[in-house]
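Enquirer: The file below is target_30.cif, mmCIF, N, CA, C and O atoms:
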data_my_file
#
loop_
_atom_site.label_atom_id
_atom_site.label_comp_id
_atom_site.auth_asym_id
_atom_site.auth_seq_id
_atom_site.Cartn_x
_atom_site.Cartn_y
_atom_site.Cartn_z
N MET W 1 18.12 -6.02 -12.67
CA MET W 1 18.97 -6.26 -11.52
C MET W 1 18.50 -5.34 -10.40
O MET W 1 18.30 -4.15 -10.61
N SER W 2 18.30 -5.88 -9.22
CA SER W 2 17.80 -5.09 -8.12
C SER W 2 18.88 -4.16 -7.59
O SER W 2 20.08 -4.34 -7.85
N LEU W 3 18.45 -3.18 -6.86
CA LEU W 3 19.36 -2.21 -6.27
C LEU W 3 20.38 -2.89 -5.38
O LEU W 3 21.57 -2.58 -5.42
N PHE W 4 19.94 -3.86 -4.60
CA PHE W 4 20.85 -4.52 -3.67
C PHE W 4 21.86 -5.41 -4.39
O PHE W 4 22.98 -5.57 -3.94
N SER W 5 21.46 -5.98 -5.50
CA SER W 5 22.41 -6.76 -6.29
C SER W 5 23.50 -5.86 -6.84
O SER W 5 24.68 -6.23 -6.85
N ARG W 6 23.11 -4.68 -7.26
CA ARG W 6 24.10 -3.71 -7.75
C ARG W 6 25.06 -3.30 -6.65
O ARG W 6 26.27 -3.25 -6.83
N ILE W 7 24.48 -3.00 -5.47
CA ILE W 7 25.32 -2.59 -4.33
C ILE W 7 26.27 -3.72 -3.96
O ILE W 7 27.45 -3.50 -3.68
N LYS W 8 25.75 -4.95 -3.95
CA LYS W 8 26.56 -6.11 -3.62
C LYS W 8 27.76 -6.22 -4.57
O LYS W 8 28.89 -6.44 -4.14
N ASN W 9 27.51 -6.04 -5.85
CA ASN W 9 28.58 -6.13 -6.85
C ASN W 9 29.60 -5.00 -6.68
O ASN W 9 30.80 -5.22 -6.81
N ILE W 10 29.12 -3.80 -6.39
CA ILE W 10 30.03 -2.66 -6.20
C ILE W 10 30.92 -2.90 -4.98
O ILE W 10 32.13 -2.68 -5.02
N ILE W 11 30.31 -3.34 -3.89
CA ILE W 11 31.09 -3.57 -2.67
C ILE W 11 32.13 -4.66 -2.90
O ILE W 11 33.29 -4.52 -2.51
N ARG W 12 31.72 -5.71 -3.54
CA ARG W 12 32.66 -6.81 -3.79
C ARG W 12 33.79 -6.39 -4.71
O ARG W 12 34.92 -6.84 -4.56
N SER W 13 33.52 -5.53 -5.67
CA SER W 13 34.57 -5.13 -6.61
C SER W 13 35.49 -4.05 -6.04
O SER W 13 36.65 -3.95 -6.42
N ASN W 14 35.00 -3.23 -5.13
CA ASN W 14 35.79 -2.10 -4.62
C ASN W 14 36.52 -2.37 -3.31
O ASN W 14 37.42 -1.63 -2.95
N ILE W 15 36.13 -3.39 -2.59
CA ILE W 15 36.75 -3.64 -1.29
C ILE W 15 37.66 -4.86 -1.38
O ILE W 15 37.24 -5.94 -1.76
N ASN W 16 38.92 -4.65 -1.04
CA ASN W 16 39.85 -5.77 -0.92
C ASN W 16 39.92 -6.10 0.56
O ASN W 16 40.46 -5.35 1.36
N GLN W 17 39.37 -7.21 0.92
CA GLN W 17 39.33 -7.57 2.33
C GLN W 17 40.55 -8.40 2.70
O GLN W 17 40.98 -9.26 1.95
N SER W 18 41.07 -8.10 3.87
CA SER W 18 42.16 -8.92 4.37
C SER W 18 41.57 -10.14 5.07
O SER W 18 40.37 -10.22 5.29
N ASP W 19 42.41 -11.08 5.44
CA ASP W 19 41.93 -12.32 6.03
C ASP W 19 41.28 -12.13 7.39
O ASP W 19 40.39 -12.89 7.76
N ASN W 20 41.71 -11.14 8.15
CA ASN W 20 41.16 -10.99 9.49
C ASN W 20 39.98 -10.00 9.57
O ASN W 20 39.46 -9.78 10.63
N GLU W 21 39.57 -9.40 8.46
CA GLU W 21 38.40 -8.52 8.48
C GLU W 21 37.14 -9.35 8.23
O GLU W 21 37.13 -10.23 7.38
N PRO W 22 36.09 -9.07 8.96
CA PRO W 22 34.85 -9.81 8.73
C PRO W 22 34.23 -9.44 7.39
O PRO W 22 34.33 -8.30 6.95
N GLU W 23 33.63 -10.41 6.75
CA GLU W 23 32.98 -10.16 5.47
C GLU W 23 31.64 -9.46 5.70
O GLU W 23 30.91 -9.77 6.63
N ILE W 24 31.33 -8.50 4.87
CA ILE W 24 30.07 -7.77 4.98
C ILE W 24 28.97 -8.65 4.41
O ILE W 24 29.08 -9.17 3.31
N ASP W 25 27.91 -8.81 5.18
CA ASP W 25 26.79 -9.63 4.74
C ASP W 25 25.70 -8.74 4.15
O ASP W 25 24.86 -8.20 4.87
N ILE W 26 25.74 -8.58 2.84
CA ILE W 26 24.77 -7.73 2.15
C ILE W 26 23.37 -8.30 2.27
O ILE W 26 22.39 -7.56 2.33
N ASN W 27 23.25 -9.61 2.33
CA ASN W 27 21.91 -10.21 2.41
C ASN W 27 21.14 -9.76 3.64
O ASN W 27 19.94 -9.61 3.60
N SER W 28 21.84 -9.53 4.75
CA SER W 28 21.14 -9.07 5.94
C SER W 28 20.59 -7.67 5.74
O SER W 28 19.50 -7.36 6.19
N TYR W 29 21.31 -6.81 5.02
CA TYR W 29 20.80 -5.48 4.72
C TYR W 29 19.60 -5.57 3.78
O TYR W 29 18.63 -4.84 3.91
N GLU W 30 19.67 -6.48 2.82
CA GLU W 30 18.58 -6.68 1.88
C GLU W 30 17.32 -7.13 2.62
O GLU W 30 16.23 -6.63 2.37
N ASP W 31 17.48 -8.05 3.58
CA ASP W 31 16.34 -8.52 4.35
C ASP W 31 15.72 -7.39 5.15
O ASP W 31 14.49 -7.26 5.23
N ILE W 32 16.54 -6.54 5.75
CA ILE W 32 16.04 -5.41 6.53
C ILE W 32 15.27 -4.46 5.64
O ILE W 32 14.19 -4.00 5.99
N TYR W 33 15.80 -4.18 4.45
CA TYR W 33 15.11 -3.26 3.53
C TYR W 33 13.75 -3.80 3.14
O TYR W 33 12.75 -3.11 3.21
N TYR W 34 13.70 -5.05 2.73
CA TYR W 34 12.42 -5.62 2.31
C TYR W 34 11.46 -5.76 3.47
O TYR W 34 10.26 -5.62 3.30
N GLN W 35 11.96 -6.00 4.66
CA GLN W 35 11.10 -6.08 5.83
C GLN W 35 10.47 -4.72 6.09
O GLN W 35 9.29 -4.62 6.35
N ASP W 36 11.27 -3.63 6.00
CA ASP W 36 10.75 -2.29 6.21
C ASP W 36 9.70 -1.94 5.17
O ASP W 36 8.67 -1.35 5.49
N SER W 37 9.95 -2.29 3.91
CA SER W 37 8.98 -1.96 2.88
C SER W 37 7.69 -2.76 3.07
O SER W 37 6.61 -2.30 2.77
N LYS W 38 7.81 -3.97 3.60
CA LYS W 38 6.62 -4.78 3.87
C LYS W 38 5.81 -4.17 5.00
O LYS W 38 4.58 -4.17 4.96
N ILE W 39 6.48 -3.63 6.00
CA ILE W 39 5.77 -2.96 7.09
C ILE W 39 5.00 -1.77 6.55
O ILE W 39 3.84 -1.56 6.87
N ASP W 40 5.63 -0.98 5.68
CA ASP W 40 4.96 0.18 5.10
C ASP W 40 3.75 -0.26 4.28
O ASP W 40 2.70 0.36 4.33
N GLU W 41 3.90 -1.35 3.54
CA GLU W 41 2.80 -1.86 2.73
C GLU W 41 1.65 -2.31 3.62
O GLU W 41 0.49 -2.05 3.32
N ASN W 42 1.96 -2.96 4.74
CA ASN W 42 0.92 -3.40 5.67
C ASN W 42 0.18 -2.22 6.28
O ASN W 42 -1.03 -2.28 6.46
N GLU W 43 0.91 -1.16 6.59
CA GLU W 43 0.27 0.03 7.14
C GLU W 43 -0.66 0.66 6.11
O GLU W 43 -1.75 1.11 6.44
N GLU W 44 -0.21 0.67 4.86
CA GLU W 44 -1.05 1.20 3.79
C GLU W 44 -2.29 0.34 3.60
O GLU W 44 -3.40 0.85 3.45
N ASP W 45 -2.10 -0.98 3.64
CA ASP W 45 -3.24 -1.90 3.55
C ASP W 45 -4.24 -1.61 4.67
O ASP W 45 -5.45 -1.51 4.41
N LYS W 46 -3.75 -1.48 5.89
CA LYS W 46 -4.63 -1.23 7.03
C LYS W 46 -5.41 0.06 6.85
O LYS W 46 -6.60 0.13 7.16
N LYS W 47 -4.74 1.09 6.34
CA LYS W 47 -5.40 2.38 6.11
C LYS W 47 -6.55 2.22 5.12
O LYS W 47 -7.66 2.70 5.36
N TYR W 48 -6.30 1.51 4.02
CA TYR W 48 -7.33 1.37 2.99
C TYR W 48 -8.45 0.43 3.44
O TYR W 48 -9.61 0.65 3.09
N TYR W 49 -8.13 -0.59 4.23
CA TYR W 49 -9.19 -1.43 4.78
C TYR W 49 -10.09 -0.60 5.70
O TYR W 49 -11.31 -0.76 5.70
N LYS W 50 -9.49 0.28 6.47
CA LYS W 50 -10.26 1.13 7.38
C LYS W 50 -11.17 2.08 6.60
O LYS W 50 -12.33 2.28 6.97
N ILE W 51 -10.66 2.64 5.50
CA ILE W 51 -11.46 3.53 4.67
C ILE W 51 -12.68 2.78 4.13
O ILE W 51 -13.79 3.31 4.08
N LEU W 52 -12.48 1.53 3.73
CA LEU W 52 -13.57 0.72 3.18
C LEU W 52 -14.40 0.04 4.27
O LEU W 52 -15.29 -0.75 3.98
N GLU W 53 -14.10 0.34 5.52
CA GLU W 53 -14.82 -0.18 6.68
C GLU W 53 -14.81 -1.71 6.70
O GLU W 53 -15.83 -2.36 6.93
N LEU W 54 -13.63 -2.29 6.44
CA LEU W 54 -13.46 -3.73 6.44
C LEU W 54 -12.41 -4.15 7.44
O LEU W 54 -11.56 -3.34 7.84
N GLU W 55 -12.45 -5.42 7.83
CA GLU W 55 -11.40 -5.97 8.67
C GLU W 55 -10.17 -6.23 7.83
O GLU W 55 -10.27 -6.55 6.64
N TYR W 56 -9.01 -6.12 8.45
CA TYR W 56 -7.75 -6.36 7.75
C TYR W 56 -7.72 -7.78 7.20
O TYR W 56 -8.04 -8.73 7.90
N GLY W 57 -7.38 -7.91 5.93
CA GLY W 57 -7.24 -9.22 5.32
C GLY W 57 -8.45 -9.68 4.53
O GLY W 57 -8.50 -10.81 4.08
N ALA W 58 -9.44 -8.81 4.36
CA ALA W 58 -10.62 -9.18 3.59
C ALA W 58 -10.23 -9.47 2.14
O ALA W 58 -9.30 -8.88 1.61
N ASP W 59 -10.97 -10.39 1.51
CA ASP W 59 -10.64 -10.74 0.13
C ASP W 59 -11.24 -9.71 -0.84
O ASP W 59 -11.98 -8.81 -0.44
N PHE W 60 -10.90 -9.87 -2.13
CA PHE W 60 -11.29 -8.86 -3.11
C PHE W 60 -12.79 -8.78 -3.31
O PHE W 60 -13.33 -7.69 -3.54
N ASN W 61 -13.51 -9.89 -3.18
CA ASN W 61 -14.97 -9.85 -3.31
C ASN W 61 -15.60 -9.00 -2.21
O ASN W 61 -16.54 -8.24 -2.46
N GLN W 62 -15.10 -9.12 -1.00
CA GLN W 62 -15.59 -8.30 0.11
C GLN W 62 -15.24 -6.84 -0.12
O GLN W 62 -16.04 -5.95 0.20
N ILE W 63 -14.06 -6.59 -0.66
CA ILE W 63 -13.64 -5.21 -0.95
C ILE W 63 -14.57 -4.59 -1.99
O ILE W 63 -15.02 -3.45 -1.84
N LYS W 64 -14.89 -5.36 -3.02
CA LYS W 64 -15.77 -4.86 -4.08
C LYS W 64 -17.17 -4.54 -3.53
O LYS W 64 -17.76 -3.51 -3.85
N LYS W 65 -17.70 -5.42 -2.67
CA LYS W 65 -19.01 -5.19 -2.07
C LYS W 65 -19.01 -3.94 -1.19
O LYS W 65 -19.94 -3.13 -1.23
N ALA W 66 -17.96 -3.79 -0.39
CA ALA W 66 -17.86 -2.62 0.48
C ALA W 66 -17.73 -1.34 -0.34
O ALA W 66 -18.35 -0.32 -0.01
N TYR W 67 -16.97 -1.41 -1.41
CA TYR W 67 -16.79 -0.25 -2.30
C TYR W 67 -18.14 0.19 -2.85
O TYR W 67 -18.49 1.37 -2.79
N ARG W 68 -18.90 -0.75 -3.38
CA ARG W 68 -20.21 -0.41 -3.96
C ARG W 68 -21.18 0.11 -2.90
O ARG W 68 -21.92 1.07 -3.13
N ARG W 69 -21.17 -0.52 -1.73
CA ARG W 69 -22.05 -0.09 -0.65
C ARG W 69 -21.74 1.34 -0.22
O ARG W 69 -22.64 2.17 -0.06
N LEU W 70 -20.44 1.62 -0.06
CA LEU W 70 -20.05 2.96 0.39
C LEU W 70 -20.29 4.03 -0.68
O LEU W 70 -20.65 5.16 -0.35
N LEU W 71 -20.10 3.67 -1.93
CA LEU W 71 -20.39 4.64 -2.99
C LEU W 71 -21.87 4.98 -3.04
O LEU W 71 -22.24 6.14 -3.27
N LYS W 72 -22.72 4.00 -2.84
CA LYS W 72 -24.16 4.27 -2.79
C LYS W 72 -24.50 5.19 -1.63
O LYS W 72 -25.39 6.04 -1.72
N LYS W 73 -23.79 5.02 -0.54
CA LYS W 73 -24.07 5.80 0.67
C LYS W 73 -23.53 7.23 0.57
O LYS W 73 -24.18 8.18 1.01
N TYR W 74 -22.33 7.41 -0.02
CA TYR W 74 -21.66 8.70 0.01
C TYR W 74 -21.53 9.38 -1.36
O TYR W 74 -20.81 10.35 -1.49
N HIS W 75 -22.23 8.89 -2.37
CA HIS W 75 -22.07 9.46 -3.71
C HIS W 75 -22.47 10.94 -3.70
O HIS W 75 -23.52 11.30 -3.16
N PRO W 76 -21.66 11.82 -4.30
CA PRO W 76 -21.94 13.26 -4.28
C PRO W 76 -23.29 13.65 -4.92
O PRO W 76 -23.87 14.66 -4.53
N ASP W 77 -23.80 12.87 -5.84
CA ASP W 77 -25.08 13.20 -6.46
C ASP W 77 -26.23 13.20 -5.45
O ASP W 77 -27.25 13.86 -5.66
N LEU W 78 -26.07 12.49 -4.36
CA LEU W 78 -27.11 12.44 -3.34
C LEU W 78 -27.19 13.73 -2.53
O LEU W 78 -28.18 13.97 -1.84
N TYR W 79 -26.16 14.54 -2.59
CA TYR W 79 -26.06 15.74 -1.75
C TYR W 79 -25.96 17.03 -2.57
O TYR W 79 -25.37 18.01 -2.12
N GLN W 80 -26.57 17.06 -3.75
CA GLN W 80 -26.48 18.23 -4.61
C GLN W 80 -27.11 19.48 -4.00
O GLN W 80 -26.68 20.60 -4.27
N THR W 81 -28.10 19.31 -3.15
CA THR W 81 -28.80 20.46 -2.57
C THR W 81 -28.13 21.01 -1.32
O THR W 81 -28.48 22.08 -0.86
N GLU W 82 -27.16 20.26 -0.77
CA GLU W 82 -26.50 20.68 0.46
C GLU W 82 -25.00 20.84 0.20
O GLU W 82 -24.26 19.85 0.21
N PRO W 83 -24.50 22.06 -0.02
CA PRO W 83 -23.09 22.28 -0.40
C PRO W 83 -22.06 21.75 0.59
O PRO W 83 -21.03 21.23 0.19
N GLU W 84 -22.34 21.86 1.89
CA GLU W 84 -21.39 21.37 2.90
C GLU W 84 -21.23 19.85 2.81
O GLU W 84 -20.13 19.33 2.79
N LYS W 85 -22.36 19.17 2.75
CA LYS W 85 -22.32 17.72 2.66
C LYS W 85 -21.77 17.26 1.31
O LYS W 85 -21.14 16.20 1.23
N LEU W 86 -22.00 18.05 0.28
CA LEU W 86 -21.49 17.71 -1.05
C LEU W 86 -19.96 17.68 -1.05
O LEU W 86 -19.35 16.74 -1.57
N LYS W 87 -19.34 18.68 -0.42
CA LYS W 87 -17.87 18.71 -0.34
C LYS W 87 -17.34 17.51 0.44
O LYS W 87 -16.36 16.89 0.05
N THR W 88 -17.98 17.21 1.55
CA THR W 88 -17.57 16.05 2.35
C THR W 88 -17.74 14.77 1.55
O THR W 88 -16.86 13.91 1.55
N ALA W 89 -18.85 14.63 0.86
CA ALA W 89 -19.11 13.44 0.07
C ALA W 89 -18.08 13.29 -1.05
O ALA W 89 -17.65 12.17 -1.35
N GLN W 90 -17.66 14.40 -1.64
CA GLN W 90 -16.64 14.33 -2.69
C GLN W 90 -15.31 13.84 -2.13
O GLN W 90 -14.63 13.03 -2.76
N LYS W 91 -14.94 14.32 -0.95
CA LYS W 91 -13.70 13.88 -0.31
C LYS W 91 -13.75 12.40 0.04
O LYS W 91 -12.80 11.65 -0.21
N VAL W 92 -14.87 11.99 0.63
CA VAL W 92 -15.02 10.59 1.03
C VAL W 92 -15.01 9.69 -0.20
O VAL W 92 -14.36 8.64 -0.22
N THR W 93 -15.72 10.09 -1.24
CA THR W 93 -15.76 9.31 -2.48
C THR W 93 -14.38 9.19 -3.09
O THR W 93 -13.99 8.12 -3.58
N LYS W 94 -13.61 10.25 -3.03
CA LYS W 94 -12.24 10.21 -3.55
C LYS W 94 -11.40 9.19 -2.77
O LYS W 94 -10.65 8.41 -3.36
N GLN W 95 -11.53 9.18 -1.44
CA GLN W 95 -10.79 8.23 -0.62
C GLN W 95 -11.24 6.79 -0.91
O GLN W 95 -10.41 5.88 -0.99
N ILE W 96 -12.53 6.60 -1.07
CA ILE W 96 -13.05 5.26 -1.36
C ILE W 96 -12.51 4.76 -2.70
O ILE W 96 -12.07 3.62 -2.83
N ASN W 97 -12.52 5.64 -3.70
CA ASN W 97 -12.00 5.27 -5.02
C ASN W 97 -10.51 4.97 -4.97
O ASN W 97 -10.03 4.03 -5.61
N GLU W 98 -9.77 5.75 -4.20
CA GLU W 98 -8.33 5.52 -4.05
C GLU W 98 -8.06 4.16 -3.41
O GLU W 98 -7.20 3.41 -3.86
N ALA W 99 -8.82 3.83 -2.37
CA ALA W 99 -8.66 2.54 -1.69
C ALA W 99 -9.00 1.39 -2.62
O ALA W 99 -8.26 0.40 -2.70
N TYR W 100 -10.08 1.52 -3.36
CA TYR W 100 -10.47 0.45 -4.27
C TYR W 100 -9.44 0.27 -5.38
O TYR W 100 -9.08 -0.85 -5.71
N THR W 101 -8.94 1.36 -5.92
CA THR W 101 -7.91 1.29 -6.96
C THR W 101 -6.66 0.62 -6.43
O THR W 101 -6.04 -0.19 -7.13
N TYR W 102 -6.28 0.93 -5.19
CA TYR W 102 -5.11 0.31 -4.58
C TYR W 102 -5.27 -1.21 -4.52
O TYR W 102 -4.39 -1.96 -4.93
N PHE W 103 -6.42 -1.67 -4.03
CA PHE W 103 -6.63 -3.11 -3.92
C PHE W 103 -6.82 -3.77 -5.29
O PHE W 103 -6.42 -4.91 -5.48
N GLU W 104 -7.42 -3.06 -6.20
CA GLU W 104 -7.60 -3.59 -7.55
C GLU W 104 -6.24 -3.87 -8.19
O GLU W 104 -6.03 -4.91 -8.79
N ARG W 105 -5.32 -2.94 -8.01
CA ARG W 105 -3.96 -3.14 -8.54
C ARG W 105 -3.23 -4.25 -7.81
O ARG W 105 -2.44 -4.98 -8.39
N LYS W 106 -3.48 -4.36 -6.53
CA LYS W 106 -2.79 -5.36 -5.73
C LYS W 106 -3.30 -6.78 -6.01
O LYS W 106 -2.49 -7.71 -6.12
N PHE W 107 -4.60 -6.94 -6.13
CA PHE W 107 -5.18 -8.28 -6.27
C PHE W 107 -5.36 -8.73 -7.71
O PHE W 107 -5.45 -9.92 -7.96
N LEU W 108 -5.47 -7.80 -8.64
CA LEU W 108 -5.74 -8.20 -10.02
C LEU W 108 -4.54 -8.02 -10.92
O LEU W 108 -3.54 -7.66 -10.70
#
Rewrite the coordinates I just gave you, this time as structure tokens.
Expert:
Amino acid sequence: MSLFSRIKNIIRSNINQSDNEPEIDINSYEDIYYQDSKIDENEEDKKYYKILELEYGADFNQIKKAYRRLLKKYHPDLYQTEPEKLKTAQKVTKQINEAYTYFERKFL
């Protein structure tokens, strides 16, 4: 049972409404909540698409290709002799892996 279904049941059981009081429309609150969470999800999607250097809305095959291309470019093993670049490559690789994992969970 979703959180809003529970709230709906609690409100209905605890409030005795008179005839002239307007009824509370829980569905409108539910729509607002899900709309807000969808906005947050879209922002997260945009962030991860940007990390993978892709346009918003790319399919999973494009994501996989970009992931592999970027890992070849920024893999920490390529920068073993340069400590500064190695740290940067580790951070970038971590972000790339995080973005790929996010889309992998979303699409698969």
Enquirer: As an exercise, work out the distance from CA of Thr88 (chain W) to CA of Phe107 (chain W) in Å and give it to one decimal place.
Expert: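 One can read the CA of Thr88 (chain W) to CA of Phe107 (chain W) distance as 28.6 Å.
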Enquirer: Find the residues near region 68-84 of chain W: any atom within 8 Å, counting only N, CA, C and O atoms, skip ones fewer than 5 places away on the same chain, and give them as a ChimeraX atom specification.
Expert: /W:51-52,61-63,89-94,96-97
Enquirer: Nearest residue to Thr101 (chain W) out of W:Leu86, W:Glu53, W:Asp40, W:Asp45, using only C-alpha atoms?
Expert: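 The shortest atom-to-atom distance to Thr101 (chain W) comes from W:Asp45.
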Enquirer: Between atom O of Asp59 (chain W) and atom N of Leu108 (chain W), what is the distance in Å, rounded to a tenth?
Expert: 10.5 Å
Enquirer: Please report the interatomic distance between CA of Asn42 (chain W) and CA of Lys87 (chain W) in Å with one decimal.
Expert: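 So the two atoms, CA of Asn42 (chain W) and CA of Lys87 (chain W), lie 29.6 Å apart.
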Enquirer: Measuring between all atoms listed in the file, which one of W:Lys65, W:Ala99, W:Lys85, W:Phe60 shows the shortest distance to Tyr48 (chain W)?
Expert: W:Ala99
